[in-house]
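Participant: Have a peek at input_11.pdb (PDB, C-alpha atoms).
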MODEL        1
ATOM      1  CA  MET A   1       0.000   0.000   0.000
ATOM      2  CA  ASN A   2       2.954   2.298   0.552
ATOM      3  CA  LYS A   3       3.443   2.861  -3.156
ATOM      4  CA  TYR A   4      -0.066   4.343  -3.468
ATOM      5  CA  PHE A   5       0.448   7.066  -0.861
ATOM      6  CA  ASP A   6       4.187   7.798  -0.908
ATOM      7  CA  PHE A   7       4.037  11.071  -2.856
ATOM      8  CA  LYS A   8       7.833  11.335  -3.015
ATOM      9  CA  TYR A   9       7.723   8.772  -5.834
ATOM     10  CA  ILE A  10       4.327   9.630  -7.353
ATOM     11  CA  THR A  11       3.903  11.825 -10.412
ATOM     12  CA  PHE A  12       0.701  12.912 -12.183
ATOM     13  CA  ALA A  13      -0.049  12.519 -15.878
ATOM     14  CA  HIS A  14      -2.599  15.393 -15.725
ATOM     15  CA  PRO A  15      -1.488  17.563 -12.793
ATOM     16  CA  HIS A  16      -3.619  20.538 -13.903
ATOM     17  CA  PHE A  17      -6.719  18.743 -12.569
ATOM     18  CA  LEU A  18      -5.282  19.121  -9.065
ATOM     19  CA  TRP A  19      -6.262  22.808  -9.222
ATOM     20  CA  LEU A  20      -9.832  21.598  -8.651
ATOM     21  CA  LEU A  21      -8.808  20.826  -5.070
ATOM     22  CA  LEU A  22      -8.970  24.557  -4.428
ATOM     23  CA  LEU A  23     -12.771  24.240  -4.739
ATOM     24  CA  LEU A  24     -12.872  21.872  -1.766
ATOM     25  CA  PRO A  25     -12.796  24.583   0.958
ATOM     26  CA  VAL A  26     -15.446  26.522  -0.990
ATOM     27  CA  LEU A  27     -17.737  23.479  -1.157
ATOM     28  CA  ILE A  28     -17.242  22.745   2.540
ATOM     29  CA  VAL A  29     -18.265  26.305   3.425
ATOM     30  CA  TRP A  30     -21.251  26.078   1.068
ATOM     31  CA  TRP A  31     -22.421  22.751   2.563
ATOM     32  CA  TRP A  32     -22.071  24.188   6.048
ATOM     33  CA  TYR A  33     -24.064  27.308   5.072
ATOM     34  CA  GLN A  34     -26.796  25.224   3.459
ATOM     35  CA  ARG A  35     -27.167  23.062   6.565
ATOM     36  CA  LYS A  36     -27.301  26.114   8.810
ATOM     37  CA  SER A  37     -29.896  27.830   6.589
ATOM     38  CA  ARG A  38     -32.151  24.812   6.658
ATOM     39  CA  GLY A  39     -31.871  24.684  10.419
ATOM     40  CA  ASN A  40     -33.244  28.210  11.052
ATOM     41  CA  PHE A  41     -36.921  27.213  10.721
ATOM     42  CA  MET A  42     -38.555  24.002  11.831
ATOM     43  CA  THR A  43     -42.225  22.868  11.701
ATOM     44  CA  LEU A  44     -43.093  20.438  14.497
ATOM     45  CA  SER A  45     -46.315  18.488  15.004
ATOM     46  CA  THR A  46     -45.375  17.715  18.590
ATOM     47  CA  LEU A  47     -42.743  18.793  21.128
ATOM     48  CA  GLY A  48     -42.442  15.401  22.673
ATOM     49  CA  GLY A  49     -39.265  14.391  20.882
ATOM     50  CA  LEU A  50     -37.285  17.496  21.766
ATOM     51  CA  ALA A  51     -36.282  16.182  25.170
ATOM     52  CA  HIS A  52     -34.138  13.477  23.600
ATOM     53  CA  SER A  53     -33.159  15.145  20.332
ATOM     54  CA  GLY A  54     -29.757  16.286  21.623
ATOM     55  CA  LYS A  55     -28.853  12.737  22.548
ATOM     56  CA  ASP A  56     -29.850  11.214  19.280
ATOM     57  CA  VAL A  57     -26.708   9.629  17.757
ATOM     58  CA  ARG A  58     -28.210   9.855  14.295
ATOM     59  CA  VAL A  59     -28.361  13.639  14.547
ATOM     60  CA  LYS A  60     -24.687  13.796  15.406
ATOM     61  CA  LEU A  61     -23.709  11.383  12.640
ATOM     62  CA  TYR A  62     -25.820  13.293  10.153
ATOM     63  CA  HIS A  63     -23.327  16.151  10.331
ATOM     64  CA  SER A  64     -20.573  13.807   9.071
ATOM     65  CA  LEU A  65     -22.183  13.430   5.636
ATOM     66  CA  PRO A  66     -20.432  16.511   4.173
ATOM     67  CA  ILE A  67     -17.132  15.061   5.395
ATOM     68  CA  LEU A  68     -17.791  11.869   3.418
ATOM     69  CA  ARG A  69     -18.638  13.955   0.372
ATOM     70  CA  ALA A  70     -15.441  15.986   0.800
ATOM     71  CA  PHE A  71     -13.334  12.825   0.935
ATOM     72  CA  ALA A  72     -15.105  11.514  -2.174
ATOM     73  CA  PHE A  73     -14.356  14.783  -3.964
ATOM     74  CA  LEU A  74     -10.692  14.661  -2.860
ATOM     75  CA  PHE A  75      -9.974  11.099  -4.020
ATOM     76  CA  LEU A  76     -11.895  11.418  -7.289
ATOM     77  CA  ILE A  77      -9.914  14.533  -8.278
ATOM     78  CA  ILE A  78      -6.639  12.731  -7.494
ATOM     79  CA  ALA A  79      -7.812   9.807  -9.634
ATOM     80  CA  ILE A  80      -8.656  12.161 -12.546
ATOM     81  CA  ALA A  81      -5.126  13.627 -12.317
ATOM     82  CA  ARG A  82      -3.806  10.073 -12.982
ATOM     83  CA  PRO A  83      -1.231   9.364 -10.272
ATOM     84  CA  GLN A  84       1.664   7.210 -11.466
ATOM     85  CA  ASN A  85       4.555   5.487  -9.754
ATOM     86  CA  SER A  86       7.700   5.757 -11.879
ATOM     87  CA  HIS A  87      10.609   3.317 -11.817
ATOM     88  CA  VAL A  88      13.913   4.130 -13.520
ATOM     89  CA  ASN A  89      16.189   1.340 -14.686
ATOM     90  CA  GLU A  90      19.714   2.379 -15.619
ATOM     91  CA  THR A  91      22.207   0.285 -17.520
ATOM     92  CA  VAL A  92      25.811   1.479 -17.235
ATOM     93  CA  ASN A  93      28.116   0.499 -20.076
ATOM     94  CA  SER A  94      31.688   1.324 -19.113
ATOM     95  CA  GLU A  95      34.653   1.140 -21.463
ATOM     96  CA  GLY A  96      37.249   1.135 -18.692
ATOM     97  CA  ILE A  97      40.959   1.850 -18.818
ATOM     98  CA  ASP A  98      43.604  -0.352 -17.206
ATOM     99  CA  ILE A  99      46.177   1.741 -15.365
ATOM    100  CA  VAL A 100      49.316   0.757 -13.481
ATOM    101  CA  MET A 101      50.942   3.352 -11.259
ATOM    102  CA  SER A 102      54.672   2.665 -10.869
ATOM    103  CA  LEU A 103      56.105   4.568  -7.913
ATOM    104  CA  ASP A 104      59.757   5.131  -6.970
ATOM    105  CA  ILE A 105      60.261   4.461  -3.222
ATOM    106  CA  SER A 106      64.041   4.871  -3.082
ATOM    107  CA  GLY A 107      65.687   6.720  -0.197
ATOM    108  CA  SER A 108      65.896   9.942  -2.209
ATOM    109  CA  MET A 109      62.060  10.071  -2.209
ATOM    110  CA  LEU A 110      62.322  11.170   1.438
ATOM    111  CA  ALA A 111      63.672  14.559   0.322
ATOM    112  CA  GLU A 112      61.663  17.392   1.817
ATOM    113  CA  ASP A 113      61.411  19.753  -1.146
ATOM    114  CA  PHE A 114      57.772  18.476  -1.180
ATOM    115  CA  SER A 115      55.559  18.562   1.906
ATOM    116  CA  PRO A 116      56.060  16.505   4.031
ATOM    117  CA  ASN A 117      58.341  14.665   1.555
ATOM    118  CA  ARG A 118      58.287  13.412  -2.011
ATOM    119  CA  ILE A 119      56.886   9.953  -1.350
ATOM    120  CA  GLU A 120      54.021  11.153   0.868
ATOM    121  CA  ALA A 121      53.149  13.897  -1.625
ATOM    122  CA  ALA A 122      53.105  11.308  -4.431
ATOM    123  CA  LYS A 123      50.859   9.012  -2.362
ATOM    124  CA  LYS A 124      48.429  11.844  -1.668
ATOM    125  CA  VAL A 125      47.876  12.769  -5.329
ATOM    126  CA  ALA A 126      47.723   9.079  -6.272
ATOM    127  CA  LYS A 127      44.967   8.609  -3.682
ATOM    128  CA  GLU A 128      42.919  11.404  -5.242
ATOM    129  CA  PHE A 129      43.557  10.064  -8.741
ATOM    130  CA  ILE A 130      42.312   6.589  -7.749
ATOM    131  CA  SER A 131      39.193   8.022  -6.080
ATOM    132  CA  ASN A 132      38.250   9.855  -9.288
ATOM    133  CA  ARG A 133      38.345   6.680 -11.415
ATOM    134  CA  PRO A 134      35.919   4.151  -9.838
ATOM    135  CA  THR A 135      35.217   2.304 -13.118
ATOM    136  CA  ASP A 136      38.858   1.681 -14.103
ATOM    137  CA  ARG A 137      41.081  -1.183 -13.068
ATOM    138  CA  ILE A 138      44.175   0.199 -11.368
ATOM    139  CA  GLY A 139      47.299  -1.558 -10.131
ATOM    140  CA  LEU A 140      50.287  -0.448  -8.038
ATOM    141  CA  VAL A 141      53.982  -1.225  -8.646
ATOM    142  CA  ILE A 142      56.799   0.022  -6.415
ATOM    143  CA  PHE A 143      60.494   0.082  -7.210
ATOM    144  CA  SER A 144      63.823   1.184  -5.811
ATOM    145  CA  GLY A 145      66.807  -1.184  -6.282
ATOM    146  CA  GLU A 146      64.277  -3.818  -7.431
ATOM    147  CA  SER A 147      60.563  -3.815  -8.218
ATOM    148  CA  PHE A 148      57.476  -5.352  -6.672
ATOM    149  CA  THR A 149      53.746  -5.515  -7.471
ATOM    150  CA  GLN A 150      52.067  -3.865  -4.497
ATOM    151  CA  CYS A 151      48.553  -4.444  -5.871
ATOM    152  CA  PRO A 152      47.417  -6.179  -9.093
ATOM    153  CA  LEU A 153      44.808  -4.607 -11.358
ATOM    154  CA  THR A 154      41.536  -4.183  -9.497
ATOM    155  CA  THR A 155      38.460  -1.973  -9.247
ATOM    156  CA  ASP A 156      38.301  -2.472  -5.476
ATOM    157  CA  GLN A 157      38.929   1.063  -4.238
ATOM    158  CA  ASN A 158      39.283  -0.028  -0.607
ATOM    159  CA  ILE A 159      42.066  -2.520  -1.380
ATOM    160  CA  LEU A 160      43.851  -0.020  -3.615
ATOM    161  CA  GLN A 161      43.768   2.745  -1.023
ATOM    162  CA  LEU A 162      44.926   0.373   1.727
ATOM    163  CA  GLN A 163      47.871  -0.896  -0.337
ATOM    164  CA  LEU A 164      48.783   2.660  -1.318
ATOM    165  CA  LYS A 165      48.725   3.716   2.332
ATOM    166  CA  ASN A 166      51.135   0.877   3.228
ATOM    167  CA  ILE A 167      53.789   2.061   0.758
ATOM    168  CA  ARG A 168      56.904   3.531   2.389
ATOM    169  CA  SER A 169      60.557   3.954   1.595
ATOM    170  CA  GLY A 170      62.741   1.057   2.707
ATOM    171  CA  LEU A 171      60.408  -1.793   1.696
ATOM    172  CA  LEU A 172      62.886  -2.816  -1.023
ATOM    173  CA  GLU A 173      66.640  -2.705  -1.508
ATOM    174  CA  ASP A 174      67.716   0.882  -2.113
ATOM    175  CA  GLY A 175      68.599   2.200  -5.557
ATOM    176  CA  THR A 176      66.665   3.435  -8.589
ATOM    177  CA  ALA A 177      65.732   0.637 -11.009
ATOM    178  CA  ILE A 178      63.617   2.555 -13.510
ATOM    179  CA  GLY A 179      63.817  -0.262 -16.065
ATOM    180  CA  MET A 180      62.542  -2.794 -13.512
ATOM    181  CA  GLY A 181      59.737  -0.466 -12.431
ATOM    182  CA  LEU A 182      58.616  -0.056 -16.020
ATOM    183  CA  ALA A 183      59.008  -3.730 -16.950
ATOM    184  CA  THR A 184      56.979  -4.934 -13.949
ATOM    185  CA  ALA A 185      54.204  -2.481 -14.805
ATOM    186  CA  VAL A 186      54.180  -3.739 -18.417
ATOM    187  CA  GLU A 187      53.920  -7.312 -17.125
ATOM    188  CA  ARG A 188      50.807  -6.344 -15.140
ATOM    189  CA  LEU A 189      49.180  -5.042 -18.356
ATOM    190  CA  ARG A 190      50.436  -7.638 -20.806
ATOM    191  CA  TYR A 191      47.275  -9.783 -20.753
ATOM    192  CA  SER A 192      44.831  -6.916 -20.311
ATOM    193  CA  LYS A 193      41.903  -6.822 -22.776
ATOM    194  CA  ALA A 194      41.165  -3.134 -22.146
ATOM    195  CA  LYS A 195      41.126  -0.870 -25.205
ATOM    196  CA  SER A 196      43.388   1.586 -23.412
ATOM    197  CA  ARG A 197      46.317   0.515 -21.212
ATOM    198  CA  ILE A 198      48.545   3.092 -19.565
ATOM    199  CA  ILE A 199      51.402   3.332 -17.073
ATOM    200  CA  ILE A 200      52.141   6.327 -14.854
ATOM    201  CA  LEU A 201      55.795   6.077 -13.849
ATOM    202  CA  LEU A 202      57.047   8.459 -11.168
ATOM    203  CA  THR A 203      60.709   8.804 -10.165
ATOM    204  CA  ASP A 204      63.134  11.359  -8.783
ATOM    205  CA  GLY A 205      66.425   9.918  -9.979
ATOM    206  CA  VAL A 206      68.633   8.218 -12.541
ATOM    207  CA  ASN A 207      68.562   4.511 -13.326
ATOM    208  CA  ASN A 208      71.397   2.892 -11.357
ATOM    209  CA  ALA A 209      70.132  -0.603 -10.467
ATOM    210  CA  GLY A 210      68.035  -3.523 -11.681
ATOM    211  CA  LEU A 211      68.342  -6.442 -14.081
ATOM    212  CA  ILE A 212      66.446  -4.752 -16.932
ATOM    213  CA  ASP A 213      67.640  -1.483 -18.424
ATOM    214  CA  PRO A 214      65.025   1.208 -19.209
ATOM    215  CA  ILE A 215      65.449   1.024 -22.994
ATOM    216  CA  THR A 216      64.655  -2.713 -23.008
ATOM    217  CA  ALA A 217      61.588  -2.060 -20.850
ATOM    218  CA  LEU A 218      60.611   0.717 -23.270
ATOM    219  CA  GLU A 219      60.747  -1.651 -26.240
ATOM    220  CA  ILE A 220      58.534  -4.152 -24.381
ATOM    221  CA  ALA A 221      55.991  -1.424 -23.644
ATOM    222  CA  LYS A 222      55.968  -0.397 -27.305
ATOM    223  CA  ALA A 223      55.499  -4.018 -28.390
ATOM    224  CA  TYR A 224      52.348  -4.291 -26.269
ATOM    225  CA  LYS A 225      51.133  -0.793 -27.300
ATOM    226  CA  ILE A 226      51.097   0.482 -23.741
ATOM    227  CA  ARG A 227      51.138   4.256 -23.304
ATOM    228  CA  VAL A 228      53.515   5.535 -20.608
ATOM    229  CA  TYR A 229      53.230   8.850 -18.779
ATOM    230  CA  THR A 230      56.456   9.716 -16.942
ATOM    231  CA  ILE A 231      56.801  12.142 -14.041
ATOM    232  CA  GLY A 232      60.058  13.512 -12.672
ATOM    233  CA  VAL A 233      59.689  14.839  -9.107
ATOM    234  CA  GLY A 234      62.148  17.221  -7.509
ATOM    235  CA  THR A 235      62.871  20.904  -7.256
ATOM    236  CA  GLN A 236      65.433  22.619  -9.467
ATOM    237  CA  GLY A 237      69.019  22.589  -8.156
ATOM    238  CA  SER A 238      69.316  20.973  -4.723
ATOM    239  CA  ALA A 239      66.901  19.685  -2.088
ATOM    240  CA  PRO A 240      67.096  18.863   1.648
ATOM    241  CA  TYR A 241      67.649  15.127   2.285
ATOM    242  CA  PRO A 242      67.514  13.444   5.702
ATOM    243  CA  VAL A 243      70.889  11.834   6.425
ATOM    244  CA  GLN A 244      71.715   9.630   9.427
ATOM    245  CA  ASP A 245      75.139   9.624  11.041
ATOM    246  CA  GLN A 246      76.836   6.630  12.688
ATOM    247  CA  TYR A 247      75.029   7.349  15.955
ATOM    248  CA  GLY A 248      71.578   7.272  14.385
ATOM    249  CA  HIS A 249      71.045  11.013  14.488
ATOM    250  CA  THR A 250      69.213  12.502  11.505
ATOM    251  CA  SER A 251      70.174  15.809   9.986
ATOM    252  CA  MET A 252      69.140  17.582   6.784
ATOM    253  CA  GLN A 253      71.709  18.066   4.049
ATOM    254  CA  GLN A 254      71.352  19.795   0.708
ATOM    255  CA  MET A 255      71.860  17.286  -2.108
ATOM    256  CA  PRO A 256      71.742  17.909  -5.892
ATOM    257  CA  VAL A 257      68.537  16.871  -7.678
ATOM    258  CA  GLN A 258      69.350  14.506 -10.547
ATOM    259  CA  ILE A 259      66.562  13.310 -12.827
ATOM    260  CA  ASP A 260      67.240  11.582 -16.155
ATOM    261  CA  GLU A 261      64.802  13.806 -18.055
ATOM    262  CA  PRO A 262      66.034  12.788 -21.542
ATOM    263  CA  LEU A 263      65.249   9.139 -20.688
ATOM    264  CA  MET A 264      61.820  10.039 -19.253
ATOM    265  CA  GLN A 265      60.986  12.098 -22.340
ATOM    266  CA  LYS A 266      62.091   9.277 -24.645
ATOM    267  CA  ILE A 267      59.936   6.691 -22.860
ATOM    268  CA  SER A 268      56.815   8.847 -22.935
ATOM    269  CA  ARG A 269      57.340  10.136 -26.474
ATOM    270  CA  GLU A 270      57.883   6.718 -28.060
ATOM    271  CA  THR A 271      54.895   5.126 -26.315
ATOM    272  CA  GLY A 272      52.463   7.974 -27.070
ATOM    273  CA  GLY A 273      52.447   9.374 -23.529
ATOM    274  CA  LYS A 274      53.808  12.604 -22.092
ATOM    275  CA  TYR A 275      56.593  13.657 -19.723
ATOM    276  CA  TYR A 276      55.964  16.003 -16.784
ATOM    277  CA  ARG A 277      58.290  17.713 -14.348
ATOM    278  CA  ALA A 278      56.819  18.366 -10.902
ATOM    279  CA  THR A 279      58.777  20.719  -8.668
ATOM    280  CA  ASN A 280      56.304  21.053  -5.765
ATOM    281  CA  ASN A 281      53.039  19.689  -4.378
ATOM    282  CA  ASN A 282      50.850  21.937  -6.515
ATOM    283  CA  THR A 283      52.488  21.078  -9.826
ATOM    284  CA  LEU A 284      52.413  17.371  -8.934
ATOM    285  CA  GLY A 285      48.674  17.601  -8.273
ATOM    286  CA  SER A 286      48.204  19.418 -11.602
ATOM    287  CA  VAL A 287      50.102  16.661 -13.431
ATOM    288  CA  TYR A 288      47.735  13.961 -12.197
ATOM    289  CA  LYS A 289      44.706  16.110 -12.982
ATOM    290  CA  GLU A 290      45.920  16.563 -16.567
ATOM    291  CA  ILE A 291      46.504  12.825 -16.982
ATOM    292  CA  ASP A 292      43.020  12.253 -15.587
ATOM    293  CA  ARG A 293      41.589  14.594 -18.253
ATOM    294  CA  LEU A 294      43.622  13.037 -21.071
ATOM    295  CA  GLU A 295      42.647   9.477 -20.187
ATOM    296  CA  LYS A 296      38.893   9.714 -19.849
ATOM    297  CA  THR A 297      36.841   6.577 -19.371
ATOM    298  CA  ARG A 298      33.894   6.261 -21.733
ATOM    299  CA  ILE A 299      30.678   5.624 -19.806
ATOM    300  CA  GLU A 300      27.247   5.232 -21.417
ATOM    301  CA  ILE A 301      24.150   5.241 -19.237
ATOM    302  CA  SER A 302      20.917   3.915 -20.772
ATOM    303  CA  SER A 303      17.901   5.026 -18.757
ATOM    304  CA  PHE A 304      14.444   3.422 -19.037
ATOM    305  CA  LYS A 305      11.499   4.852 -17.121
ATOM    306  CA  HIS A 306       8.448   2.677 -16.427
ATOM    307  CA  TYR A 307       5.136   4.021 -15.119
ATOM    308  CA  ALA A 308       2.620   2.109 -13.003
ATOM    309  CA  GLU A 309      -0.906   3.592 -13.041
ATOM    310  CA  LEU A 310      -2.286   4.204  -9.541
ATOM    311  CA  PHE A 311      -5.582   5.987 -10.331
ATOM    312  CA  PHE A 312      -7.803   2.923  -9.821
ATOM    313  CA  PRO A 313      -7.439   2.668  -5.988
ATOM    314  CA  TYR A 314      -8.051   6.404  -5.637
ATOM    315  CA  ALA A 315     -11.162   6.182  -7.843
ATOM    316  CA  MET A 316     -12.478   3.232  -5.827
ATOM    317  CA  ILE A 317     -11.936   5.030  -2.515
ATOM    318  CA  GLY A 318     -13.640   8.162  -3.858
ATOM    319  CA  LEU A 319     -16.638   6.165  -5.126
ATOM    320  CA  PHE A 320     -16.808   4.312  -1.818
ATOM    321  CA  PHE A 321     -17.167   7.574   0.141
ATOM    322  CA  LEU A 322     -19.664   8.896  -2.399
ATOM    323  CA  PHE A 323     -21.895   5.814  -2.303
ATOM    324  CA  LEU A 324     -21.592   5.588   1.483
ATOM    325  CA  GLU A 325     -22.833   9.158   1.758
ATOM    326  CA  LEU A 326     -25.762   8.488  -0.629
ATOM    327  CA  ILE A 327     -26.741   5.264   1.127
ATOM    328  CA  LEU A 328     -26.659   6.838   4.610
ATOM    329  CA  ARG A 329     -28.559   9.904   3.424
ATOM    330  CA  ASN A 330     -31.344   7.758   1.917
ATOM    331  CA  THR A 331     -31.578   5.146   4.644
ATOM    332  CA  LEU A 332     -30.377   5.933   8.164
ATOM    333  CA  PHE A 333     -30.749   9.709   7.870
ATOM    334  CA  ARG A 334     -33.768   9.823   5.551
ATOM    335  CA  SER A 335     -36.160  10.916   8.250
ATOM    336  CA  LEU A 336     -33.899  13.729   9.494
TER     337      LEU A 336
ENDMDL
END
Using structure tokens, write down the structure from this file.
Facilitator:
Amino acid sequence: MNKYFDFKYITFAHPHFLWLLLLLPVLIVWWWYQRKSRGNFMTLSTLGGLAHSGKDVRVKLYHSLPILRAFAFLFLIIAIARPQNSHVNETVNSEGIDIVMSLDISGSMLAEDFSPNRIEAAKKVAKEFISNRPTDRIGLVIFSGESFTQCPLTTDQNILQLQLKNIRSGLLEDGTAIGMGLATAVERLRYSKAKSRIIILLTDGVNNAGLIDPITALEIAKAYKIRVYTIGVGTQGSAPYPVQDQYGHTSMQQMPVQIDEPLMQKISRETGGKYYRATNNNTLGSVYKEIDRLEKTRIEISSFKHYAELFFPYAMIGLFFLFLELILRNTLFRSL
């Protein structure tokens, strides 16, 4: 029964008929005036019945007849306006993109030219990027002196965000194995059936470790037609790095920023991607926003609206009140 009276989900095919409801107060006043006018003069053959007339239940109930007529009027007008319950079925067709984010976690990513440091800044923008792409499969690869798949391709946002949160410098042997980071990301996408497969590779250094050199990894990416966006993070010149002495005390030292930009540009150019240089938190956030705009997921939503007619119950209730009023007026209250 809820669907017949829950007006949050009810629409009307002919809502202009609802303006007739404004006549209801007028009719109520008119019925009341008519009853009062008829009651001003009475012709009685005897005064014997007056002693009990005030206690007569029929007299009291007689005054309810206009209420029945008002309810009949109300429900019949609603029925004429044709109330309908609408249901919307949506079919979402998503042409998703498979993305692997390959993140450098070497010791140099602890440099504090980003706030609070490079690796935490990179994690923050990656978190926002993942949140904005709920229909895409995304995977995480980390690398330093070697590489590791932190999370395979998935659409599970909770798992992705948890695995991203757990990333920290020191999980792997130190170094910067750009070739390994790229090759592992390619391996994650090799069997993907998605129409668009991309890698976002972020580093702050020069390749100096790993079993696979970056050019070999580049050729593998080209063979599988995987587009690579490369990001070099680090301010211009030098940046403050935390350095521990033999006693375990940490101090900040200015160290030169060295990023192999020609290599990054070559990788992105030959795979159809783009190279970006991020020198602070704001530019890093802008880089991810631009990649998000460039790699849009195609989503088609087919919407079908179905209407269920609800006028019949309202018409039946209105007729019920109308006939009840007529029957009572011509039977129980006929002599009044």
Participant: Hey, what comes out of the PyMOL selection byres ((chain A and resi 111) around 12) on this file? Could you write it as a ChimeraX atom specification?
Facilitator: /A:105-110,112-121,169,204-205,233-235,238-243,251-257,279-280
Participant: Given the point (53.5, 3.0, 1.0) in the coordinates of this file, which residues lie within 10 Å, counting all atoms listed in the file, and how would they look as an MDAnalysis selection string?
Facilitator: chainID A and resid 103 105 119:120 122:123 142 150 161:171
Participant: Under the rule that all atoms listed in the file are counted, which of A:Asn158, A:Tyr224, A:Thr216, A:Ser196 is the nearest residue to A:Gly179?
Facilitator: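 Looking at the shortest contact to A:Gly179, the residue is A:Thr216.
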Participant: Have a look at A:Leu21, A:Ile28, A:Ile78, A:Ile10 and name the one nearest to A:Ile317; count all atoms listed in the file.
Facilitator: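 Smallest separation from A:Ile317 among the options: A:Ile78.
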Participant: Applied to this file, what does the PyMOL selection byres ((chain A and resi 201) around 7) return in terms of residues, put as an MDAnalysis selection string?
Facilitator: chainID A and resid 101:103 199:200 202:203 229:231
Participant: Might you spell out which residues the PyMOL selection byres ((chain A and resi 141) around 9) would select in the displayed file, as a PyMOL selection string?
Facilitator: chain A and resi 100-104+139-140+142-143+147-152+181-182+184-185+188
Participant: Quick one, how far is atom CA of A:Ile259 from atom CA of A:Glu173?
Facilitator: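 The value is 19.6 Å.
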Participant: Give me, please, the distance in Å between atom CA of A:Arg227 and atom CA of A:Lys124, quoted to one decimal.
Facilitator: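 Atom-to-atom, atom CA of A:Arg227 and atom CA of A:Lys124 are spaced 23.1 Å apart.
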Participant: Work out how far atom CA of A:Ala79 is from atom CA of A:Asn330, in Å to one decimal.
Facilitator: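 These two atoms are separated by 26.3 Å.
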Participant: What's the 7 Å shell around A:Thr155, counting only C-alpha atoms, without same-chain residues fewer than 6 positions away, as a ChimeraX atom specification?
Facilitator: /A:134-138
Participant: Which neighbours of A:Glu146 fall inside 8 Å, counting all atoms listed in the file, when residues of the same chain fewer than 3 positions from it are skipped, and could you give them as a list in words?
Facilitator: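 Returned residues: Phe143, Leu172, Glu173, Asp174, Gly175, Thr176, Ala177, Met180, Gly181, Ala209 and Gly210 of chain A.
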Participant: Of the candidates A:Tyr314, A:Phe12, A:Tyr275, A:Phe129, which one gets nearest to A:Asp260 if we count only C-alpha atoms?
Facilitator: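 Comparing A:Tyr314, A:Phe12, A:Tyr275, A:Phe129 against A:Asp260, the winner is A:Tyr275.
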Participant: Around stretch 121-138 of chain A, fit a box with edges along x, y and z, padding it by 8 Å on each side, then list its centre and edge lengths in Å to one decimal as AutoDock Vina command-line options.
Facilitator:
--center_x 44.2 --center_y 6.4 --center_z -7.9 --size_x 33.9 --size_y 31.1 --size_z 28.5
Participant: Which residues come within 9 Å of A:Leu18, counting only C-alpha atoms, excluding same-chain residues fewer than 4 positions away, as a PDB file with C-alpha atoms, keeping the file's coordinate frame?
Facilitator:
ATOM      1  CA  HIS A  14      -2.599  15.393 -15.725  1.00  0.00           C
ATOM      2  CA  LEU A  22      -8.970  24.557  -4.428  1.00  0.00           C
ATOM      3  CA  ILE A  77      -9.914  14.533  -8.278  1.00  0.00           C
ATOM      4  CA  ILE A  78      -6.639  12.731  -7.494  1.00  0.00           C
ATOM      5  CA  ILE A  80      -8.656  12.161 -12.546  1.00  0.00           C
ATOM      6  CA  ALA A  81      -5.126  13.627 -12.317  1.00  0.00           C
TER       7      ALA A  81
END
Participant: For a quick check of understanding, using all atoms listed in the file, which of A:Leu324, A:Leu332, A:Val287, A:Ile97 has the smallest distance to A:Phe71?
Facilitator: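 Ranking A:Leu324, A:Leu332, A:Val287, A:Ile97 by distance to A:Phe71, first place goes to A:Leu324.
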Participant: May I ask which of the residues A:Ala315, A:Leu20, A:Trp32, A:Gly232 is the closest one to A:Tyr276, counting all atoms listed in the file?
Facilitator: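 Looking at the shortest contact to A:Tyr276, the residue is A:Gly232.
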Participant: Which residues, protein or nucleic acid, reach to within 7 Å of (57.1, 1.7, -19.7) in the file's coordinates when using all atoms listed in the file, and can you give that as a list in words?
Facilitator: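 The answer, in the requested form, is Leu182, Ala183, Val186, Ile199, Ala217, Leu218, Ala221, Val228 and Ile267 of chain A.
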Participant: Can you sort out stretch 223-231 of chain A so it carries N, CA and C atoms, written as a short mmCIF file (atom, residue, chain, number, x, y, z; two decimals), keeping the file's coordinate frame?
Facilitator:
data_model
loop_
_atom_site.label_atom_id
_atom_site.label_comp_id
_atom_site.auth_asym_id
_atom_site.auth_seq_id
_atom_site.Cartn_x
_atom_site.Cartn_y
_atom_site.Cartn_z
N ALA A 223 55.98 -2.79 -27.76
CA ALA A 223 55.50 -4.02 -28.39
C ALA A 223 54.06 -4.33 -27.99
N TYR A 224 53.71 -4.02 -26.75
CA TYR A 224 52.35 -4.29 -26.27
C TYR A 224 51.43 -3.07 -26.39
N LYS A 225 51.91 -2.01 -27.05
CA LYS A 225 51.13 -0.79 -27.30
C LYS A 225 50.58 -0.20 -26.01
N ILE A 226 51.46 -0.10 -25.04
CA ILE A 226 51.10 0.48 -23.74
C ILE A 226 51.63 1.91 -23.68
N ARG A 227 50.77 2.85 -23.38
CA ARG A 227 51.14 4.26 -23.30
C ARG A 227 51.72 4.54 -21.91
N VAL A 228 52.84 5.27 -21.87
CA VAL A 228 53.52 5.54 -20.61
C VAL A 228 53.60 7.04 -20.36
N TYR A 229 53.05 7.47 -19.25
CA TYR A 229 53.23 8.85 -18.78
C TYR A 229 54.33 8.83 -17.72
N THR A 230 55.35 9.68 -17.90
CA THR A 230 56.46 9.72 -16.94
C THR A 230 56.45 11.04 -16.18
N ILE A 231 56.78 10.96 -14.90
CA ILE A 231 56.80 12.14 -14.04
C ILE A 231 58.13 12.19 -13.30
#
